[in-house]
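Text of the file data12.cif, holding mmCIF, C-alpha atoms; chains and numbers go by the auth columns:
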```cif
data_query
loop_
_atom_site.group_PDB
_atom_site.id
_atom_site.type_symbol
_atom_site.label_atom_id
_atom_site.label_comp_id
_atom_site.label_asym_id
_atom_site.label_seq_id
_atom_site.Cartn_x
_atom_site.Cartn_y
_atom_site.Cartn_z
_atom_site.B_iso_or_equiv
_atom_site.auth_seq_id
_atom_site.auth_asym_id
ATOM 1 C CA MET A 1 72.409 102.527 103.334 0.00 957 A
ATOM 2 C CA SER A 2 74.335 99.742 101.678 0.00 958 A
ATOM 3 C CA TRP A 3 77.370 98.101 103.284 0.00 959 A
ATOM 4 C CA SER A 4 79.647 99.892 100.812 0.00 960 A
ATOM 5 C CA GLN A 5 78.504 103.268 102.110 0.00 961 A
ATOM 6 C CA LYS A 6 79.127 102.523 105.771 0.00 962 A
ATOM 7 C CA SER A 7 82.299 103.606 107.504 0.00 963 A
ATOM 8 C CA PHE A 8 84.660 100.900 108.692 0.00 964 A
ATOM 9 C CA ASP A 9 87.920 101.221 110.603 0.00 965 A
ATOM 10 C CA LEU A 10 89.511 98.487 108.552 0.00 966 A
ATOM 11 C CA THR A 11 88.173 96.227 105.832 0.00 967 A
ATOM 12 C CA ILE A 12 90.293 93.524 104.245 0.00 968 A
ATOM 13 C CA ILE A 13 89.294 91.868 100.984 0.00 969 A
ATOM 14 C CA ASP A 14 91.268 89.504 98.794 0.00 970 A
ATOM 15 C CA ARG A 15 90.356 91.108 95.458 0.00 971 A
ATOM 16 C CA TYR A 16 88.887 94.365 94.299 0.00 972 A
ATOM 17 C CA TYR A 17 88.169 96.121 91.040 0.00 973 A
ATOM 18 C CA GLU A 18 91.790 95.883 89.875 0.00 974 A
ATOM 19 C CA SER A 19 91.480 92.138 89.379 0.00 975 A
ATOM 20 C CA ALA A 20 88.226 92.622 87.459 0.00 976 A
ATOM 21 C CA LEU A 21 89.976 95.160 85.219 0.00 977 A
ATOM 22 C CA CYS A 22 92.765 92.654 84.640 0.00 978 A
ATOM 23 C CA TYR A 23 90.279 89.962 83.582 0.00 979 A
ATOM 24 C CA HIS A 24 88.660 92.409 81.150 0.00 980 A
ATOM 25 C CA TYR A 25 92.134 93.246 79.815 0.00 981 A
ATOM 26 C CA LEU A 26 92.980 89.553 79.355 0.00 982 A
ATOM 27 C CA ARG A 27 89.758 89.018 77.385 0.00 983 A
ATOM 28 C CA GLY A 28 90.397 92.108 75.254 0.00 984 A
ATOM 29 C CA GLU A 29 87.356 93.866 76.721 0.00 985 A
ATOM 30 C CA LEU A 30 88.995 96.742 78.593 0.00 986 A
ATOM 31 C CA SER A 31 87.358 99.939 77.394 0.00 987 A
ATOM 32 C CA LYS A 32 87.435 103.573 78.433 0.00 988 A
ATOM 33 C CA GLU A 33 83.805 103.296 79.520 0.00 989 A
ATOM 34 C CA LEU A 34 84.521 100.273 81.707 0.00 990 A
ATOM 35 C CA CYS A 35 87.466 102.040 83.352 0.00 991 A
ATOM 36 C CA GLU A 36 85.173 104.998 84.062 0.00 992 A
ATOM 37 C CA ILE A 37 82.651 102.760 85.817 0.00 993 A
ATOM 38 C CA TYR A 38 85.342 101.174 87.992 0.00 994 A
ATOM 39 C CA SER A 39 86.885 104.579 88.767 0.00 995 A
ATOM 40 C CA GLN A 40 83.695 105.516 90.627 0.00 996 A
ATOM 41 C CA LEU A 41 84.122 102.758 93.224 0.00 997 A
ATOM 42 C CA ILE A 42 85.444 103.437 96.697 0.00 998 A
ATOM 43 C CA LYS A 43 89.230 103.674 96.612 0.00 999 A
ATOM 44 C CA THR A 44 91.368 101.526 98.860 0.00 1000 A
ATOM 45 C CA ASP A 45 93.798 102.958 101.378 0.00 1001 A
ATOM 46 C CA LEU A 46 96.172 100.076 100.811 0.00 1002 A
ATOM 47 C CA SER A 47 96.517 97.537 98.018 0.00 1003 A
ATOM 48 C CA VAL A 48 98.925 94.639 98.316 0.00 1004 A
ATOM 49 C CA PHE A 49 100.130 92.834 95.217 0.00 1005 A
ATOM 50 C CA LEU A 50 101.479 89.317 95.679 0.00 1006 A
ATOM 51 C CA ASP A 51 104.175 89.560 93.036 0.00 1007 A
ATOM 52 C CA ILE A 52 105.323 86.300 91.525 0.00 1008 A
ATOM 53 C CA SER A 53 106.812 85.483 88.165 0.00 1009 A
ATOM 54 C CA PRO A 54 104.649 83.695 85.592 0.00 1010 A
ATOM 55 C CA ASP A 55 107.189 80.846 85.557 0.00 1011 A
ATOM 56 C CA LYS A 56 106.866 80.340 89.315 0.00 1012 A
ATOM 57 C CA CYS A 57 103.057 80.417 88.929 0.00 1013 A
ATOM 58 C CA ILE A 58 103.229 77.691 86.301 0.00 1014 A
ATOM 59 C CA GLU A 59 105.457 75.636 88.593 0.00 1015 A
ATOM 60 C CA ARG A 60 102.916 75.911 91.431 0.00 1016 A
ATOM 61 C CA LEU A 61 99.915 75.341 89.172 0.00 1017 A
ATOM 62 C CA ALA A 62 101.424 72.063 87.960 0.00 1018 A
ATOM 63 C CA ARG A 63 100.372 70.574 91.318 0.00 1019 A
ATOM 64 C CA ARG A 64 96.675 71.183 90.588 0.00 1020 A
ATOM 65 C CA SER A 65 94.379 68.756 88.842 0.00 1021 A
ATOM 66 C CA THR A 66 92.347 71.433 87.019 0.00 1022 A
ATOM 67 C CA LEU A 67 93.153 74.927 85.829 0.00 1023 A
ATOM 68 C CA SER A 68 91.047 77.891 84.803 0.00 1024 A
ATOM 69 C CA PRO A 69 91.372 79.365 81.295 0.00 1025 A
ATOM 70 C CA TYR A 70 93.391 82.214 82.891 0.00 1026 A
ATOM 71 C CA GLU A 71 96.049 79.891 84.268 0.00 1027 A
ATOM 72 C CA THR A 72 98.169 79.515 81.159 0.00 1028 A
ATOM 73 C CA LYS A 73 101.656 80.936 80.783 0.00 1029 A
ATOM 74 C CA GLU A 74 100.441 83.419 78.157 0.00 1030 A
ATOM 75 C CA TYR A 75 97.651 84.783 80.374 0.00 1031 A
ATOM 76 C CA LEU A 76 99.892 84.880 83.437 0.00 1032 A
ATOM 77 C CA GLU A 77 102.532 86.861 81.528 0.00 1033 A
ATOM 78 C CA GLN A 78 99.882 89.327 80.326 0.00 1034 A
ATOM 79 C CA ALA A 79 98.398 89.661 83.835 0.00 1035 A
ATOM 80 C CA HIS A 80 101.858 90.166 85.338 0.00 1036 A
ATOM 81 C CA TYR A 81 102.539 92.920 82.807 0.00 1037 A
ATOM 82 C CA PHE A 82 99.130 94.515 83.457 0.00 1038 A
ATOM 83 C CA TYR A 83 99.580 94.683 87.228 0.00 1039 A
ATOM 84 C CA HIS A 84 103.134 96.013 86.944 0.00 1040 A
ATOM 85 C CA THR A 85 102.200 98.786 84.521 0.00 1041 A
ATOM 86 C CA LYS A 86 98.715 99.822 85.674 0.00 1042 A
ATOM 87 C CA PHE A 87 98.937 99.699 89.462 0.00 1043 A
ATOM 88 C CA LYS A 88 102.224 101.223 90.532 0.00 1044 A
ATOM 89 C CA SER A 89 100.844 102.277 93.927 0.00 1045 A
ATOM 90 C CA PHE A 90 100.405 98.678 95.086 0.00 1046 A
ATOM 91 C CA TRP A 91 102.647 97.453 97.869 0.00 1047 A
ATOM 92 C CA LYS A 92 104.452 94.578 96.252 0.00 1048 A
ATOM 93 C CA ILE A 93 105.271 91.475 98.254 0.00 1049 A
ATOM 94 C CA ASP A 94 107.504 88.718 96.947 0.00 1050 A
ATOM 95 C CA ALA A 95 105.050 85.826 96.591 0.00 1051 A
ATOM 96 C CA SER A 96 107.781 83.328 95.847 0.00 1052 A
ATOM 97 C CA LEU A 97 108.365 83.199 99.609 0.00 1053 A
ATOM 98 C CA SER A 98 106.711 80.671 101.903 0.00 1054 A
ATOM 99 C CA PRO A 99 103.061 81.234 102.878 0.00 1055 A
ATOM 100 C CA ASP A 100 104.170 82.072 106.441 0.00 1056 A
ATOM 101 C CA GLU A 101 106.671 84.675 105.220 0.00 1057 A
ATOM 102 C CA ILE A 102 104.089 86.216 102.892 0.00 1058 A
ATOM 103 C CA SER A 103 101.497 86.371 105.680 0.00 1059 A
ATOM 104 C CA HIS A 104 104.016 87.983 108.010 0.00 1060 A
ATOM 105 C CA GLN A 105 104.914 90.656 105.439 0.00 1061 A
ATOM 106 C CA ILE A 106 101.256 91.457 104.729 0.00 1062 A
ATOM 107 C CA TYR A 107 100.412 91.619 108.414 0.00 1063 A
ATOM 108 C CA SER A 108 103.439 93.842 109.104 0.00 1064 A
ATOM 109 C CA LYS A 109 102.542 96.257 106.311 0.00 1065 A
ATOM 110 C CA ILE A 110 98.932 96.545 107.483 0.00 1066 A
ATOM 111 C CA ILE A 111 99.914 97.089 111.127 0.00 1067 A
ATOM 112 C CA LYS A 112 102.587 99.680 110.253 0.00 1068 A
ATOM 113 C CA ALA A 113 100.228 101.588 107.950 0.00 1069 A
ATOM 114 C CA TYR A 114 97.397 101.459 110.498 0.00 1070 A
ATOM 115 C CA PHE A 115 99.482 102.777 113.374 0.00 1071 A
ATOM 116 C CA LYS A 116 101.049 105.480 111.199 0.00 1072 A
ATOM 117 C CA GLY A 117 97.526 106.686 110.420 0.00 1073 A
ATOM 118 C CA HIS A 118 97.589 105.707 106.748 0.00 1074 A
ATOM 119 C CA LEU A 119 94.578 103.418 107.146 0.00 1075 A
#
```
Any chance you could give the structure as structure tokens?
Amino acid sequence: MSWSQKSFDLTIIDRYYESALCYHYLRGELSKELCEIYSQLIKTDLSVFLDISPDKCIERLARRSTLSPYETKEYLEQAHYFYHTKFKSFWKIDASLSPDEISHQIYSKIIKAYFKGHL
């Protein structure tokens, strides 16, 4: 039995298939067949989207010495659009807040959902 087939009370990961779909979309490679493959993966009980404007991303990225090809304003605008239109069930958190405030909101959402029996 692989790890993906085992039962866990709670598993937290920082990315899942949605980010892979977004990268395929950004490269113009998102196909019906690819979406079908990803649709067969285990579904999450909770997905959190750290929502931040492309302009704020650019402002933060300016502090870095190197950027990936996906860290341009054009790509960030397309990714922002993709996440807002394709994944409406995500819990959105305002990522323009401080790291402590973001962490607190994520933690609060997970704890509330867990104790309400949603996770």
Translate the PyMOL selection byres ((chain A and resi 1057-1069) around 12) into a concrete residue list for this structure, as a ChimeraX atom specification.
/A:966-968,970,1001-1008,1046-1056,1070-1075
Residues within 12 Å of A:Lys1042, all atoms listed in the file, excluding chain neighbours under 2 positions, as number ranges by chain:
A: 974-975, 977-978, 981, 991, 1005, 1034-1040, 1044-1046
Nearest to A:Tyr1031 among A:Phe1043, A:Tyr973, A:Tyr979, A:Tyr994, with distances taken over only C-alpha atoms: which residue is it?
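The answer is A:Tyr979, which sits nearest to A:Tyr1031.
Take atom CA of A:Pro1010 and atom CA of A:Lys1029: the distance between them is 6.3 Å.
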Atom CA of A:His980 and atom CA of A:Leu997, how far apart in Å?
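Separation between atom CA of A:Leu997 and atom CA of A:His980: 16.5 Å.
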Please measure the separation of atom CA of A:Ile1014 and atom CA of A:Leu1032, giving the value in Å to one decimal.
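Computing the Euclidean distance for atom CA of A:Ile1014 and atom CA of A:Leu1032 yields 8.4 Å.
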Using all atoms listed in the file: which of A:Glu989, A:Tyr972, A:Ser995, A:Asp1011 has the shortest distance to A:Thr1028
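When distances to A:Thr1028 are compared using all atoms listed in the file, the smallest one comes from A:Asp1011.
With all atoms listed in the file as the atoms that count, the minimum distance from A:Ile993 to the choices A:Ala976, A:Arg1016, A:Thr1041, A:Glu1033 is reached by A:Ala976.
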Set up a box along x, y and z of the file covering all listed atoms of stretch 994-1007 of chain A, add 8 Å on every one of the six sides, and write the centre and edge lengths in Å to one decimal, as JSON.
```
{"center_x": 93.9, "center_y": 97.4, "center_z": 94.7, "size_x": 36.5, "size_y": 32.2, "size_z": 29.4}
```
